[in-house]
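Colleague: Supplied structure: work16.cif, mmCIF, C-alpha atoms and all ligand atoms.
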```
data_coords
loop_
_atom_site.label_atom_id
_atom_site.label_comp_id
_atom_site.auth_asym_id
_atom_site.auth_seq_id
_atom_site.Cartn_x
_atom_site.Cartn_y
_atom_site.Cartn_z
CA MET A 1 -2.29 -11.96 -16.54
CA ILE A 2 0.29 -14.58 -15.66
CA HIS A 3 0.43 -15.62 -12.01
CA THR A 4 -2.24 -13.51 -10.37
CA ARG A 5 -4.96 -15.13 -8.24
CA VAL A 6 -8.19 -13.16 -8.43
CA HIS A 7 -10.96 -13.07 -5.83
CA VAL A 8 -14.08 -11.13 -6.70
CA VAL A 9 -16.01 -10.19 -3.56
CA ASN A 10 -19.43 -8.71 -2.89
CA ASN A 11 -18.51 -5.80 -0.66
CA PRO A 12 -15.60 -4.03 1.07
CA GLU A 13 -16.14 -5.97 4.31
CA GLU A 14 -15.70 -9.28 2.52
CA MET A 15 -12.56 -7.88 0.90
CA GLY A 16 -11.31 -6.92 4.37
CA ARG A 17 -11.91 -10.41 5.74
CA LEU A 18 -10.25 -12.16 2.82
CA ALA A 19 -7.20 -9.90 2.94
CA ALA A 20 -7.04 -10.32 6.72
CA ASP A 21 -6.91 -14.10 6.21
CA LEU A 22 -3.66 -13.64 4.29
CA PHE A 23 -2.15 -11.47 7.02
CA GLU A 24 -3.30 -13.86 9.72
CA ALA A 25 -1.70 -16.77 7.88
CA ALA A 26 1.55 -14.87 7.35
CA ILE A 27 1.80 -13.90 11.03
CA GLN A 28 0.92 -17.39 12.20
CA ALA A 29 3.60 -18.89 9.97
CA LYS A 30 6.18 -16.31 11.11
CA PRO A 31 5.32 -14.22 14.20
CA ALA A 32 8.10 -11.70 13.41
CA CYS A 33 7.15 -11.39 9.78
CA VAL A 34 7.58 -8.16 7.83
CA ILE A 35 4.43 -6.67 6.36
CA GLY A 36 4.31 -3.87 3.83
CA LEU A 37 1.39 -1.51 4.42
CA ALA A 38 -0.56 0.99 2.34
CA THR A 39 -2.73 4.02 2.98
CA GLY A 40 -5.87 5.14 1.15
CA SER A 41 -9.53 4.40 1.79
CA THR A 42 -9.52 0.92 0.28
CA PRO A 43 -7.46 -0.84 3.00
CA LEU A 44 -9.62 0.53 5.84
CA PRO A 45 -11.97 -2.50 6.10
CA LEU A 46 -8.86 -4.71 6.27
CA TYR A 47 -7.36 -2.62 9.07
CA ARG A 48 -10.65 -2.76 11.01
CA GLU A 49 -10.67 -6.53 10.59
CA LEU A 50 -7.04 -6.89 11.74
CA ILE A 51 -7.77 -4.84 14.86
CA ALA A 52 -10.83 -6.97 15.62
CA ARG A 53 -8.91 -10.21 15.10
CA GLU A 54 -6.16 -9.20 17.51
CA LYS A 55 -8.77 -8.21 20.10
CA ALA A 56 -10.37 -11.64 19.57
CA GLY A 57 -7.00 -13.33 20.15
CA ARG A 58 -6.59 -14.62 16.61
CA ILE A 59 -3.56 -12.50 15.66
CA ASP A 60 -0.60 -11.26 17.68
CA PHE A 61 1.18 -8.20 16.29
CA SER A 62 3.71 -7.90 19.12
CA LYS A 63 6.60 -9.26 17.06
CA VAL A 64 5.49 -8.10 13.61
CA ARG A 65 7.51 -5.47 11.73
CA SER A 66 5.88 -3.15 9.21
CA ALA A 67 7.12 -0.86 6.46
CA ASN A 68 4.79 1.61 4.78
CA LEU A 69 4.89 2.30 1.09
CA ASP A 70 5.04 6.06 1.08
CA GLU A 71 4.73 9.47 2.72
CA TYR A 72 4.06 13.01 1.54
CA LYS A 73 7.14 15.20 1.27
CA GLY A 74 7.02 18.11 3.69
CA LEU A 75 4.44 16.72 6.13
CA ALA A 76 5.48 16.12 9.73
CA PRO A 77 4.58 12.72 11.25
CA ASP A 78 1.82 14.31 13.34
CA HIS A 79 0.33 16.35 10.48
CA PRO A 80 -3.36 15.35 10.19
CA GLN A 81 -2.87 14.25 6.57
CA SER A 82 0.47 12.51 6.93
CA TYR A 83 0.52 8.81 6.20
CA ARG A 84 2.29 8.18 9.51
CA ARG A 85 -0.67 9.73 11.31
CA PHE A 86 -3.09 7.76 9.11
CA MET A 87 -1.39 4.52 10.11
CA GLN A 88 -1.37 5.43 13.80
CA GLU A 89 -5.06 6.30 13.80
CA ASN A 90 -6.30 3.48 11.62
CA LEU A 91 -4.10 0.62 12.77
CA PHE A 92 -0.99 1.00 14.92
CA ASP A 93 -2.66 2.71 17.91
CA HIS A 94 -5.10 -0.19 18.18
CA ILE A 95 -2.79 -3.21 17.91
CA SER A 96 0.20 -4.48 19.88
CA ILE A 97 2.82 -3.70 17.21
CA ARG A 98 5.82 -1.96 18.80
CA PRO A 99 6.45 1.63 17.64
CA GLU A 100 10.07 0.86 16.76
CA ASN A 101 8.82 -1.95 14.53
CA THR A 102 6.82 0.39 12.29
CA ILE A 103 8.54 2.47 9.65
CA VAL A 104 7.14 5.11 7.29
CA PRO A 105 9.39 7.28 5.08
CA ASP A 106 10.29 10.55 6.82
CA GLY A 107 8.38 13.35 5.12
CA LEU A 108 10.70 15.94 6.66
CA ALA A 109 14.01 14.27 5.73
CA ALA A 110 16.74 16.87 5.20
CA ASP A 111 19.05 14.45 3.38
CA ILE A 112 16.62 12.72 1.05
CA ASP A 113 19.09 10.30 -0.54
CA ALA A 114 20.30 9.17 2.90
CA MET A 115 16.73 8.71 4.16
CA CYS A 116 15.74 6.64 1.11
CA LYS A 117 18.86 4.50 1.36
CA ALA A 118 18.36 3.94 5.09
CA TYR A 119 14.73 2.94 4.43
CA GLU A 120 15.81 0.24 2.00
CA GLU A 121 18.55 -0.93 4.38
CA LYS A 122 16.13 -1.21 7.28
CA ILE A 123 13.79 -3.42 5.26
CA GLU A 124 16.74 -5.50 4.14
CA SER A 125 18.00 -5.82 7.73
CA TRP A 126 14.60 -7.22 8.65
CA GLY A 127 15.00 -9.84 5.92
CA GLY A 128 12.72 -8.25 3.30
CA VAL A 129 8.96 -7.91 3.06
CA ASP A 130 6.99 -11.14 3.48
CA LEU A 131 3.56 -9.80 2.57
CA GLN A 132 2.99 -6.47 0.83
CA LEU A 133 -0.40 -4.77 0.75
CA LEU A 134 -1.19 -2.52 -2.21
CA GLY A 135 -4.03 -0.29 -3.30
CA ILE A 136 -4.01 1.33 -6.71
CA GLY A 137 -4.34 4.91 -7.96
CA HIS A 138 -6.54 5.85 -10.92
CA ASP A 139 -3.46 6.25 -13.09
CA GLY A 140 -2.11 2.84 -12.06
CA HIS A 141 0.26 4.06 -9.39
CA ILE A 142 1.31 1.77 -6.56
CA GLY A 143 2.73 3.49 -3.51
CA PHE A 144 3.34 6.81 -5.23
CA ASN A 145 5.08 5.34 -8.28
CA GLU A 146 3.45 7.44 -10.98
CA PRO A 147 3.42 6.64 -14.73
CA GLU A 148 6.90 7.25 -16.17
CA ASP A 149 9.10 6.03 -18.98
CA HIS A 150 10.77 3.45 -16.73
CA PHE A 151 10.08 1.43 -13.58
CA PRO A 152 11.86 3.15 -10.67
CA GLY A 153 13.86 0.75 -8.52
CA MET A 154 14.25 1.72 -4.91
CA THR A 155 12.76 4.19 -2.41
CA HIS A 156 12.91 7.65 -3.96
CA GLU A 157 11.29 11.06 -4.25
CA VAL A 158 8.47 11.52 -6.77
CA GLN A 159 6.55 14.47 -8.13
CA LEU A 160 2.83 13.80 -7.82
CA THR A 161 0.68 14.07 -10.93
CA GLU A 162 -2.27 16.43 -11.01
CA MET A 163 -4.57 13.39 -11.23
CA THR A 164 -3.18 12.03 -7.97
CA ARG A 165 -3.25 15.38 -6.21
CA ASP A 166 -6.81 15.86 -7.36
CA ALA A 167 -7.86 12.39 -6.12
CA ASN A 168 -6.24 13.02 -2.75
CA LYS A 169 -7.51 16.59 -2.27
CA ARG A 170 -10.59 15.19 -0.51
CA PHE A 171 -8.46 14.81 2.61
CA PHE A 172 -7.15 18.40 2.55
CA ALA A 173 -8.86 21.78 2.94
CA SER A 174 -8.02 22.65 -0.67
CA ILE A 175 -5.91 21.35 -3.55
CA ASP A 176 -3.27 23.96 -2.79
CA GLU A 177 -2.55 22.16 0.46
CA VAL A 178 -1.92 18.78 -1.22
CA PRO A 179 1.85 18.26 -1.34
CA THR A 180 3.39 18.23 -4.82
CA ALA A 181 5.94 15.56 -3.97
CA ALA A 182 6.25 12.38 -1.94
CA PHE A 183 8.67 9.61 -0.96
CA THR A 184 7.80 6.11 -2.03
CA MET A 185 9.20 2.61 -2.10
CA GLY A 186 10.22 1.92 -5.68
CA ILE A 187 8.74 -0.64 -8.00
CA GLY A 188 11.85 -2.74 -7.27
CA THR A 189 11.17 -2.56 -3.54
CA VAL A 190 7.57 -3.67 -4.08
CA MET A 191 8.52 -6.46 -6.48
CA ALA A 192 11.03 -7.83 -3.95
CA ALA A 193 8.18 -8.71 -1.55
CA ARG A 194 7.65 -12.46 -1.34
CA LYS A 195 3.89 -12.17 -1.51
CA ILE A 196 1.65 -9.31 -2.61
CA VAL A 197 -2.03 -8.65 -2.02
CA MET A 198 -3.75 -5.87 -3.92
CA VAL A 199 -7.15 -4.56 -2.82
CA VAL A 200 -9.36 -2.64 -5.24
CA THR A 201 -12.96 -1.49 -4.87
CA GLY A 202 -15.33 0.71 -6.85
CA GLU A 203 -16.33 1.21 -10.44
CA ASP A 204 -13.96 4.15 -10.80
CA LYS A 205 -11.04 1.67 -10.58
CA ARG A 206 -12.43 -0.80 -13.15
CA GLU A 207 -10.63 0.57 -16.21
CA ILE A 208 -7.25 0.88 -14.52
CA LEU A 209 -7.65 -2.59 -13.04
CA ARG A 210 -8.25 -4.00 -16.52
CA LYS A 211 -5.15 -2.25 -17.85
CA THR A 212 -3.08 -3.42 -14.87
CA PHE A 213 -3.68 -7.16 -15.06
CA TRP A 214 -5.14 -7.68 -18.52
CA GLY A 215 -3.17 -5.15 -20.55
CA PRO A 216 0.46 -4.79 -21.62
CA VAL A 217 3.14 -4.46 -18.96
CA THR A 218 4.33 -0.87 -19.23
CA PRO A 219 5.74 1.82 -16.92
CA GLN A 220 2.87 3.98 -18.14
CA VAL A 221 0.73 1.71 -15.94
CA PRO A 222 3.16 1.13 -13.07
CA ALA A 223 1.05 -1.56 -11.39
CA SER A 224 1.10 -3.66 -14.58
CA ILE A 225 4.56 -4.93 -13.54
CA LEU A 226 2.72 -7.06 -10.97
CA GLN A 227 1.91 -9.45 -13.83
CA PHE A 228 5.55 -10.52 -13.55
CA HIS A 229 5.45 -11.15 -9.80
CA PRO A 230 5.13 -14.86 -8.94
CA ASP A 231 2.74 -14.49 -6.00
CA VAL A 232 0.05 -11.82 -6.31
CA THR A 233 -3.47 -12.08 -4.93
CA LEU A 234 -5.93 -9.54 -6.26
CA ILE A 235 -9.06 -8.96 -4.19
CA CYS A 236 -11.57 -6.71 -5.89
CA ASP A 237 -15.28 -6.10 -5.64
CA LYS A 238 -17.76 -6.70 -8.44
CA ALA A 239 -17.83 -3.01 -9.33
CA ALA A 240 -14.07 -2.94 -9.97
CA TYR A 241 -13.83 -6.32 -11.70
CA PRO A 242 -13.53 -5.60 -15.43
CA PHE A 243 -15.47 -8.62 -16.74
C1 LIG B 1 -2.66 7.08 -2.55
C2 LIG B 1 -1.63 6.11 -2.00
C3 LIG B 1 -1.71 4.75 -2.66
C4 LIG B 1 -3.16 4.29 -2.71
C5 LIG B 1 -3.97 5.27 -3.51
C6 LIG B 1 -5.43 4.86 -3.70
O1 LIG B 1 -2.23 7.74 -3.68
N1 LIG B 1 -0.29 6.62 -2.13
O2 LIG B 1 -0.90 3.84 -1.96
O3 LIG B 1 -3.24 3.01 -3.27
O4 LIG B 1 -3.93 6.51 -2.85
O5 LIG B 1 -6.18 5.22 -2.57
P1 LIG B 1 -7.67 4.83 -2.35
O6 LIG B 1 -7.66 3.44 -1.80
O7 LIG B 1 -8.18 5.82 -1.35
O8 LIG B 1 -8.38 4.91 -3.65
#
```
Using structure tokens, write down the structure from this file.

Modeller:
Amino acid sequence: MIHTRVHVVNNPEEMGRLAADLFEAAIQAKPACVIGLATGSTPLPLYRELIAREKAGRIDFSKVRSANLDEYKGLAPDHPQSYRRFMQENLFDHISIRPENTIVPDGLAADIDAMCKAYEEKIESWGGVDLQLLGIGHDGHIGFNEPEDHFPGMTHEVQLTEMTRDANKRFFASIDEVPTAAFTMGIGTVMAARKIVMVVTGEDKREILRKTFWGPVTPQVPASILQFHPDVTLICDKAAYPF
């Protein structure tokens, strides 16, 4: 562990409030800031808190731009399990962010290379990500960057591991319906964010969290590269904290 700030919290709600403080500060400092967003169950208390804070007049999302980490390959935006739909239902539909200011990789892209390139260019045209939210997979993936022999750079297509498909099958009728591939920002895209906040809860994430921040930096644990990022805040609950 080199630069990481660690907050150990008592419950998911406290995690949500603490993470929301970082987003509130970023938006106050720069109303048109660019936030990087993540799916999964862990960020949900944060999204609930952000919605509540805008309703209470503490945050204004009307100028904010957002870029999501990833999307399943082959799922249409309105598919019940698509990450675009997840973001609409759990955040975007409840805040004042403008639809054209939210981007998620296109799961149905015909020209994959062009879509990935355009995704990177859009983020760059916005001036880069100011604050990136991350969860973590049980194998150490961030976005959908699975363990590999190298750290992938930019937005690209990935094959999902069986571990990841198995973890995500809870959202689908059966494992056969879980896509086998996805599009994700690369590790390079994530590392280019000025500030990163990672949220982790639950005992099942304890071992991978230890490897990520207190183990060697290796593409076999993709999230371990975060040890080299100069501004990472880790918010985890007691169950996930390895010590
Ligand atoms: C998916 C997402 C990741 C997320 C992970 C963990 O694989 N692509 O971005 O971090 O799930 O999700 P959860 O928070 O539900 O454990």

Colleague: Could you pull out the residues sitting within 9 Å of ligand LIG 1 (chain B), using all atoms listed in the file, and write them as a VMD selection string?

Modeller: chain A and resid 37 to 44 69 to 72 83 134 to 138 140 to 145 160 164 to 165 167 to 168 182 184 198 to 202 205

Colleague: Pick out the closest residue to Asp113 of chain A from this set: A:His150, A:His156, A:Arg170, A:His229. Count all atoms listed in the file.

Modeller: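 Closest candidate: A:His156.
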
Colleague: Tell me, as an MDAnalysis selection string, which residues lie within 10 Å of Arg210 of chain A, counting only C-alpha atoms; anything in the same chain fewer than 3 positions away does not count.

Modeller: chainID A and resid 1 205:207 213:215 224 240:243

Colleague: One number please: atom CA of Val232 of chain A to atom CA of Glu120 of chain A, in Å, one decimal.

Modeller: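 Here the two named atoms are 21.5 Å from each other.
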
Colleague: Taking 3 positions as the minimum chain separation for residues in the same chain, which residues sit within 10 Å of Ile123 of chain A when counting all atoms listed in the file? Answer as a list of chain:residue names.

Modeller: A:Val34, A:Ile35, A:Gly36, A:Arg65, A:Ser66, A:Ala67, A:Ile103, A:Ala118, A:Tyr119, A:Glu120, A:Trp126, A:Gly127, A:Gly128, A:Val129, A:Thr189

Colleague: Report, in Å with one decimal, the straight-line distance from atom CA of Leu50 of chain A to atom CA of His94 of chain A.

Modeller: 9.5 Å

Colleague: At a cut-off of 12 Å, using all atoms listed in the file, what residues contact Glu162 of chain A? Leave out same-chain residues fewer than 3 positions from it and give the result as a PyMOL selection string.

Modeller: chain A and resi 138-139+146-147+159+165-169+175-176+178-181

Colleague: Using all atoms listed in the file, give me every residue within 9 Å of (12.8, 17.3, 5.7) in file coordinates, as a list in words.

Modeller: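 Protein and nucleic acid residues near the point are Lys73, Gly74, Leu75, Ala76, Asp106, Gly107, Leu108, Ala109, Ala110, Asp111 and Ile112 of chain A.
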
Colleague: Write to file, as a PDB file, keeping the file's coordinate frame, the residues of the selection just made, with C-alpha atoms.

Modeller:
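Result file follows (part-v7.pdb):
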```pdb
ATOM      1  CA  LYS A  73       7.140  15.200   1.270  1.00  0.00           C
ATOM      2  CA  GLY A  74       7.020  18.110   3.690  1.00  0.00           C
ATOM      3  CA  LEU A  75       4.440  16.720   6.130  1.00  0.00           C
ATOM      4  CA  ALA A  76       5.480  16.120   9.730  1.00  0.00           C
ATOM      5  CA  ASP A 106      10.290  10.550   6.820  1.00  0.00           C
ATOM      6  CA  GLY A 107       8.380  13.350   5.120  1.00  0.00           C
ATOM      7  CA  LEU A 108      10.700  15.940   6.660  1.00  0.00           C
ATOM      8  CA  ALA A 109      14.010  14.270   5.730  1.00  0.00           C
ATOM      9  CA  ALA A 110      16.740  16.870   5.200  1.00  0.00           C
ATOM     10  CA  ASP A 111      19.050  14.450   3.380  1.00  0.00           C
ATOM     11  CA  ILE A 112      16.620  12.720   1.050  1.00  0.00           C
TER      12      ILE A 112
END
```

Colleague: Once N, CA, C and O atoms are restored for segment 5-18 of chain A, what would the output be as a PDB file, in the coordinates of the input?

Modeller:
```pdb
ATOM      1  N   ARG A   5      -3.716 -14.486  -8.702  1.00  0.00           N
ATOM      2  CA  ARG A   5      -4.960 -15.130  -8.240  1.00  0.00           C
ATOM      3  C   ARG A   5      -5.981 -14.019  -8.058  1.00  0.00           C
ATOM      4  O   ARG A   5      -5.653 -12.976  -7.495  1.00  0.00           O
ATOM      5  N   VAL A   6      -7.185 -14.229  -8.513  1.00  0.00           N
ATOM      6  CA  VAL A   6      -8.190 -13.160  -8.430  1.00  0.00           C
ATOM      7  C   VAL A   6      -9.365 -13.627  -7.578  1.00  0.00           C
ATOM      8  O   VAL A   6      -9.909 -14.717  -7.807  1.00  0.00           O
ATOM      9  N   HIS A   7      -9.747 -12.825  -6.615  1.00  0.00           N
ATOM     10  CA  HIS A   7     -10.960 -13.070  -5.830  1.00  0.00           C
ATOM     11  C   HIS A   7     -11.905 -11.905  -6.069  1.00  0.00           C
ATOM     12  O   HIS A   7     -11.521 -10.762  -5.816  1.00  0.00           O
ATOM     13  N   VAL A   8     -13.091 -12.199  -6.522  1.00  0.00           N
ATOM     14  CA  VAL A   8     -14.080 -11.130  -6.700  1.00  0.00           C
ATOM     15  C   VAL A   8     -15.066 -11.237  -5.532  1.00  0.00           C
ATOM     16  O   VAL A   8     -15.682 -12.285  -5.326  1.00  0.00           O
ATOM     17  N   VAL A   9     -15.189 -10.154  -4.774  1.00  0.00           N
ATOM     18  CA  VAL A   9     -16.010 -10.190  -3.560  1.00  0.00           C
ATOM     19  C   VAL A   9     -17.233  -9.288  -3.723  1.00  0.00           C
ATOM     20  O   VAL A   9     -17.308  -8.483  -4.649  1.00  0.00           O
ATOM     21  N   ASN A  10     -18.167  -9.448  -2.792  1.00  0.00           N
ATOM     22  CA  ASN A  10     -19.430  -8.710  -2.890  1.00  0.00           C
ATOM     23  C   ASN A  10     -19.386  -7.310  -2.310  1.00  0.00           C
ATOM     24  O   ASN A  10     -20.125  -6.439  -2.737  1.00  0.00           O
ATOM     25  N   ASN A  11     -18.526  -7.116  -1.319  1.00  0.00           N
ATOM     26  CA  ASN A  11     -18.510  -5.800  -0.660  1.00  0.00           C
ATOM     27  C   ASN A  11     -17.160  -5.581   0.029  1.00  0.00           C
ATOM     28  O   ASN A  11     -16.374  -6.522   0.197  1.00  0.00           O
ATOM     29  N   PRO A  12     -16.890  -4.343   0.448  1.00  0.00           N
ATOM     30  CA  PRO A  12     -15.600  -4.030   1.070  1.00  0.00           C
ATOM     31  C   PRO A  12     -15.319  -4.856   2.333  1.00  0.00           C
ATOM     32  O   PRO A  12     -14.171  -5.190   2.622  1.00  0.00           O
ATOM     33  N   GLU A  13     -16.361  -5.194   3.076  1.00  0.00           N
ATOM     34  CA  GLU A  13     -16.140  -5.970   4.310  1.00  0.00           C
ATOM     35  C   GLU A  13     -15.602  -7.361   3.978  1.00  0.00           C
ATOM     36  O   GLU A  13     -14.706  -7.879   4.647  1.00  0.00           O
ATOM     37  N   GLU A  14     -16.169  -7.951   2.928  1.00  0.00           N
ATOM     38  CA  GLU A  14     -15.700  -9.280   2.520  1.00  0.00           C
ATOM     39  C   GLU A  14     -14.244  -9.188   2.045  1.00  0.00           C
ATOM     40  O   GLU A  14     -13.429 -10.071   2.336  1.00  0.00           O
ATOM     41  N   MET A  15     -13.944  -8.110   1.329  1.00  0.00           N
ATOM     42  CA  MET A  15     -12.560  -7.880   0.900  1.00  0.00           C
ATOM     43  C   MET A  15     -11.640  -7.805   2.122  1.00  0.00           C
ATOM     44  O   MET A  15     -10.570  -8.412   2.157  1.00  0.00           O
ATOM     45  N   GLY A  16     -12.094  -7.067   3.151  1.00  0.00           N
ATOM     46  CA  GLY A  16     -11.310  -6.920   4.370  1.00  0.00           C
ATOM     47  C   GLY A  16     -11.051  -8.264   5.042  1.00  0.00           C
ATOM     48  O   GLY A  16      -9.938  -8.540   5.487  1.00  0.00           O
ATOM     49  N   ARG A  17     -12.066  -9.104   5.083  1.00  0.00           N
ATOM     50  CA  ARG A  17     -11.910 -10.410   5.740  1.00  0.00           C
ATOM     51  C   ARG A  17     -10.949 -11.311   4.968  1.00  0.00           C
ATOM     52  O   ARG A  17     -10.089 -11.978   5.544  1.00  0.00           O
ATOM     53  N   LEU A  18     -11.099 -11.308   3.658  1.00  0.00           N
ATOM     54  CA  LEU A  18     -10.250 -12.160   2.820  1.00  0.00           C
ATOM     55  C   LEU A  18      -8.785 -11.720   2.907  1.00  0.00           C
ATOM     56  O   LEU A  18      -7.870 -12.543   3.039  1.00  0.00           O
TER      57      LEU A  18
END
```
